[in-house]
$ cat data_16.txt   # compact mmCIF, C-alpha atoms and all ligand atoms
# COMPACT_ATOMS: atom_id res chain seq x y z
CA MET A 1 0.00 0.00 0.00
CA ALA A 2 1.17 3.47 -0.83
CA GLY A 3 1.76 6.17 1.78
CA ASN A 4 -0.80 8.09 3.74
CA ARG A 5 -3.45 10.35 2.22
CA ILE A 6 -6.69 12.03 3.20
CA ILE A 7 -9.68 9.81 2.43
CA CYS A 8 -12.57 11.81 3.90
CA THR A 9 -11.79 15.38 2.93
CA THR A 10 -14.66 17.05 4.80
CA SER A 11 -13.65 15.51 8.12
CA ASN A 12 -9.95 15.40 7.26
CA VAL A 13 -9.57 11.71 8.06
CA ASP A 14 -6.60 9.98 6.51
CA TYR A 15 -5.88 6.42 5.44
CA ILE A 16 -3.65 5.57 8.40
CA THR A 17 -6.32 6.73 10.87
CA ILE A 18 -8.82 4.40 9.22
CA ARG A 19 -6.42 1.45 9.24
CA LYS A 20 -5.57 2.09 12.90
CA ALA A 21 -9.29 2.07 13.73
CA MET A 22 -9.59 -1.27 11.92
CA CYS A 23 -6.67 -2.61 13.96
CA ASN A 24 -8.70 -1.63 17.03
CA GLY A 25 -11.69 -3.67 15.91
CA VAL A 26 -13.60 -1.38 13.55
CA ARG A 27 -15.20 -3.41 10.75
CA MET A 28 -18.43 -1.62 9.81
CA MET A 29 -19.11 1.84 8.45
CA ASP A 30 -21.11 2.95 11.51
CA GLU A 31 -18.22 1.91 13.75
CA LEU A 32 -15.83 3.82 11.51
CA VAL A 33 -18.00 6.94 11.74
CA GLU A 34 -18.02 6.72 15.51
CA GLU A 35 -14.32 5.98 15.87
CA THR A 36 -12.80 8.36 13.31
CA GLY A 37 -15.44 10.96 12.46
CA VAL A 38 -15.60 10.18 8.73
CA CYS A 39 -18.74 11.88 7.49
CA THR A 40 -19.85 9.48 4.70
CA THR A 41 -21.75 12.29 2.98
CA CYS A 42 -20.22 11.90 -0.45
CA GLU A 43 -20.55 8.80 -2.57
CA GLY A 44 -16.97 8.95 -3.88
CA CYS A 45 -15.18 8.47 -0.60
CA LYS A 46 -17.95 6.32 0.80
CA SER A 47 -17.17 3.74 -1.85
CA GLU A 48 -13.48 4.17 -1.11
CA LEU A 49 -14.17 3.68 2.60
CA ASP A 50 -16.12 0.53 1.76
CA LYS A 51 -13.13 -0.78 -0.21
CA ILE A 52 -10.74 -0.03 2.65
CA LEU A 53 -13.03 -1.75 5.16
CA GLU A 54 -13.30 -4.81 2.90
CA SER A 55 -9.54 -5.15 2.40
CA VAL A 56 -6.93 -6.48 4.79
CA CYS A 57 -3.76 -6.82 2.71
CA GLY A 58 -3.09 -4.48 -0.18
CA CYS A 59 0.17 -6.19 -1.15
CA LYS A 60 -1.44 -9.57 -1.70
CA ASN A 61 -4.94 -8.30 -2.39
CA VAL A 62 -6.54 -10.25 0.46
CA SER A 63 -10.04 -9.36 1.60
CA LEU A 64 -11.42 -9.18 5.13
CA LYS A 65 -13.72 -12.07 4.25
CA ALA A 66 -10.81 -14.26 3.16
CA VAL A 67 -8.99 -13.63 6.44
CA ILE A 68 -12.11 -14.25 8.55
CA ASP A 69 -12.72 -17.49 6.63
CA ALA A 70 -9.12 -18.59 7.26
CA VAL A 71 -9.49 -17.83 10.99
CA LYS A 72 -12.78 -19.73 11.13
CA ASN A 73 -11.04 -22.65 9.45
CA GLY A 74 -8.45 -22.82 12.20
CA ALA A 75 -5.70 -20.35 11.28
CA ASP A 76 -5.09 -19.00 14.77
CA THR A 77 -1.80 -17.15 14.29
CA VAL A 78 -0.71 -14.36 11.95
CA GLU A 79 1.74 -16.80 10.35
CA LYS A 80 -0.96 -19.41 9.66
CA VAL A 81 -3.25 -16.78 8.14
CA GLY A 82 -0.29 -15.75 5.98
CA GLU A 83 0.23 -19.32 4.82
CA VAL A 84 -3.42 -19.74 3.86
CA THR A 85 -4.18 -16.32 2.36
CA GLY A 86 -0.85 -14.62 1.72
CA ALA A 87 -1.87 -11.68 3.93
CA GLY A 88 1.06 -10.17 5.79
CA THR A 89 3.72 -11.99 3.78
CA ASP A 90 5.03 -8.97 1.88
CA CYS A 91 5.48 -5.56 3.58
CA GLY A 92 3.99 -6.87 6.81
CA ARG A 93 2.01 -3.71 7.55
CA CYS A 94 -1.30 -5.55 7.71
CA LYS A 95 -0.12 -7.96 10.39
CA ALA A 96 -1.58 -5.87 13.22
CA LEU A 97 -4.96 -6.01 11.54
CA VAL A 98 -4.69 -9.76 10.93
CA SER A 99 -3.83 -10.18 14.60
CA ASN A 100 -6.90 -8.17 15.64
CA ILE A 101 -9.13 -10.26 13.36
CA ILE A 102 -7.78 -13.44 14.98
CA GLU A 103 -8.36 -11.95 18.44
CA LEU A 104 -11.94 -10.89 17.74
CA GLY A 105 -12.86 -13.65 15.31
CA ARG A 106 -14.40 -11.05 13.03
S1 LIG A 201 -15.75 13.83 2.53
FE1 LIG A 201 -16.30 12.51 4.14
S2 LIG A 201 -17.31 10.90 3.26
FE2 LIG A 201 -16.72 12.15 1.60
S1 LIG A 202 -0.29 -4.91 3.26
FE1 LIG A 202 1.73 -5.52 2.81
S2 LIG A 202 1.81 -7.60 3.44
FE2 LIG A 202 -0.22 -7.00 3.77
$ encode --input "data_16.txt" --output "structure tokens" --more "lines below"
Ligand code: FES
Ligand code: FES
Amino acid sequence: MAGNRIICTTSNVDYITIRKAMCNGVRMMDELVEETGVCTTCEGCKSELDKILESVCGCKNVSLKAVIDAVKNGADTVEKVGEVTGAGTDCGRCKALVSNIIELGR
């Protein structure tokens, strides 16, 4: 994934803030609104926010669903999720999120 940038321009919320919120358990748009203050008023960034929420690993293009499925199928460490899905096996920046998904099971 490339560097940081503003995603929600009205509320001035950047990419890293959104990813950090996800690492703290945010999965749904209403949770993201509460946690980060994104406004979700414009369709453009709303669809971008949806894409960010659905994705875990940009390097390997691994979705949240794929990681949750792997966890449900018994991958109970970041390394095991990496073996099954590829998530976290490149730059490693998504490992904190993978770890949170394992912890919460969602
Ligand atoms: S500027 Fe916040 S959702 Fe578009
Ligand atoms: S985002 Fe780089 S390994 Fe997942």
$ closest_residue --input "data_16.txt" --among "A:Val56, A:Thr85, A:Glu43, A:Arg93" --to "Gly3 in chain A" --atoms "all atoms listed in the file"
A:Arg93
$ residues_near_ligand --input "data_16.txt" --ligand "ligand LIG 201 (chain A)" --cutoff "12 Å" --atoms "all atoms listed in the file" --output "ChimeraX atom specification"
/A:6-14,29,32-33,36-50
$ residues_near_ligand --input "data_16.txt" --ligand "ligand LIG 202 (chain A)" --cutoff "10 Å" --atoms "all atoms listed in the file" --output "ChimeraX atom specification"
/A:1-2,55-62,82,86-98
$ residues_around --input "data_16.txt" --residues "Asn100 in chain A" --least-positions-apart "6" --cutoff "10 Å" --atoms "all atoms listed in the file" --output "list in words"
Met22, Cys23, Asn24, Gly25, Val26, Val78 and Arg106 of chain A
$ write_last_selection --input "data_16.txt" --atoms "C-alpha atoms" --output "mmCIF file, in the frame of the given file"
data_model
loop_
_atom_site.group_PDB
_atom_site.id
_atom_site.type_symbol
_atom_site.label_atom_id
_atom_site.label_comp_id
_atom_site.auth_asym_id
_atom_site.auth_seq_id
_atom_site.Cartn_x
_atom_site.Cartn_y
_atom_site.Cartn_z
ATOM 1 C CA MET A 22 -9.590 -1.270 11.920
ATOM 2 C CA CYS A 23 -6.670 -2.610 13.960
ATOM 3 C CA ASN A 24 -8.700 -1.630 17.030
ATOM 4 C CA GLY A 25 -11.690 -3.670 15.910
ATOM 5 C CA VAL A 26 -13.600 -1.380 13.550
ATOM 6 C CA VAL A 78 -0.710 -14.360 11.950
ATOM 7 C CA ARG A 106 -14.400 -11.050 13.030
#
$ atom_distance --input "data_16.txt" --atom1 "CA of Ala75 in chain A" --atom2 "CA of Asn4 in chain A"
29.8 Å
$ atom_distance --input "data_16.txt" --atom1 "CA of Glu35 in chain A" --atom2 "CA of Glu79 in chain A"
28.4 Å
$ atom_distance --input "data_16.txt" --atom1 "CA of Gly74 in chain A" --atom2 "CA of Lys20 in chain A"
25.1 Å
$ axis_aligned_box --input "data_16.txt" --around "range 30-33 of chain A" --padding-each-side "6 Å" --output "AutoDock Vina command-line options"
--center_x -18.5 --center_y 4.4 --center_z 12.6 --size_x 17.3 --size_y 17.0 --size_z 14.2
$ build_atoms --input "data_16.txt" --residues "range 48-76 of chain A" --atoms "N, CA and C atoms" --output "CSV table (one decimal), in the frame of the given file"
chain,number,residue,atom,x,y,z
A,48,GLU,N,-14.9,4.4,-1.5
A,48,GLU,CA,-13.5,4.2,-1.1
A,48,GLU,C,-13.4,3.6,0.3
A,49,LEU,N,-14.2,4.2,1.2
A,49,LEU,CA,-14.2,3.7,2.6
A,49,LEU,C,-14.6,2.2,2.6
A,50,ASP,N,-15.7,1.9,1.8
A,50,ASP,CA,-16.1,0.5,1.8
A,50,ASP,C,-15.0,-0.4,1.3
A,51,LYS,N,-14.2,0.0,0.3
A,51,LYS,CA,-13.1,-0.8,-0.2
A,51,LYS,C,-12.1,-1.0,0.9
A,52,ILE,N,-11.8,0.1,1.6
A,52,ILE,CA,-10.7,0.0,2.6
A,52,ILE,C,-11.2,-1.0,3.7
A,53,LEU,N,-12.5,-0.9,4.1
A,53,LEU,CA,-13.0,-1.8,5.2
A,53,LEU,C,-13.0,-3.2,4.7
A,54,GLU,N,-13.2,-3.4,3.4
A,54,GLU,CA,-13.3,-4.8,2.9
A,54,GLU,C,-11.9,-5.5,2.7
A,55,SER,N,-10.9,-4.6,2.7
A,55,SER,CA,-9.5,-5.2,2.4
A,55,SER,C,-8.7,-5.3,3.6
A,56,VAL,N,-7.9,-6.3,3.7
A,56,VAL,CA,-6.9,-6.5,4.8
A,56,VAL,C,-5.5,-6.2,4.3
A,57,CYS,N,-5.1,-6.9,3.2
A,57,CYS,CA,-3.8,-6.8,2.7
A,57,CYS,C,-3.7,-6.3,1.3
A,58,GLY,N,-3.2,-5.1,1.1
A,58,GLY,CA,-3.1,-4.5,-0.2
A,58,GLY,C,-2.0,-5.1,-1.0
A,59,CYS,N,-0.9,-5.6,-0.4
A,59,CYS,CA,0.2,-6.2,-1.2
A,59,CYS,C,-0.3,-7.5,-1.9
A,60,LYS,N,-1.0,-8.3,-1.2
A,60,LYS,CA,-1.4,-9.6,-1.7
A,60,LYS,C,-2.9,-9.6,-2.1
A,61,ASN,N,-3.5,-8.4,-2.0
A,61,ASN,CA,-4.9,-8.3,-2.4
A,61,ASN,C,-5.8,-9.3,-1.7
A,62,VAL,N,-5.8,-9.3,-0.3
A,62,VAL,CA,-6.5,-10.2,0.5
A,62,VAL,C,-7.7,-9.5,1.2
A,63,SER,N,-8.9,-10.0,1.0
A,63,SER,CA,-10.0,-9.4,1.6
A,63,SER,C,-10.2,-9.7,3.1
A,64,LEU,N,-11.0,-8.9,3.7
A,64,LEU,CA,-11.4,-9.2,5.1
A,64,LEU,C,-12.1,-10.5,5.2
A,65,LYS,N,-13.0,-10.8,4.2
A,65,LYS,CA,-13.7,-12.1,4.2
A,65,LYS,C,-12.8,-13.3,4.2
A,66,ALA,N,-11.8,-13.2,3.3
A,66,ALA,CA,-10.8,-14.3,3.2
A,66,ALA,C,-10.1,-14.5,4.5
A,67,VAL,N,-9.7,-13.5,5.2
A,67,VAL,CA,-9.0,-13.6,6.4
A,67,VAL,C,-9.9,-14.2,7.5
A,68,ILE,N,-11.1,-13.7,7.6
A,68,ILE,CA,-12.1,-14.2,8.6
A,68,ILE,C,-12.4,-15.7,8.3
A,69,ASP,N,-12.5,-16.1,7.0
A,69,ASP,CA,-12.7,-17.5,6.6
A,69,ASP,C,-11.5,-18.3,7.1
A,70,ALA,N,-10.3,-17.8,6.9
A,70,ALA,CA,-9.1,-18.6,7.3
A,70,ALA,C,-9.1,-18.8,8.8
A,71,VAL,N,-9.5,-17.7,9.5
A,71,VAL,CA,-9.5,-17.8,11.0
A,71,VAL,C,-10.5,-18.8,11.4
A,72,LYS,N,-11.7,-18.8,10.8
A,72,LYS,CA,-12.8,-19.7,11.1
A,72,LYS,C,-12.4,-21.2,10.8
A,73,ASN,N,-11.5,-21.3,9.8
A,73,ASN,CA,-11.0,-22.6,9.4
A,73,ASN,C,-9.8,-23.1,10.2
A,74,GLY,N,-9.5,-22.3,11.3
A,74,GLY,CA,-8.4,-22.8,12.2
A,74,GLY,C,-7.1,-22.1,12.2
A,75,ALA,N,-7.0,-21.1,11.3
A,75,ALA,CA,-5.7,-20.4,11.3
A,75,ALA,C,-5.7,-19.4,12.5
A,76,ASP,N,-5.0,-19.8,13.5
A,76,ASP,CA,-5.1,-19.0,14.8
A,76,ASP,C,-3.9,-18.2,15.1
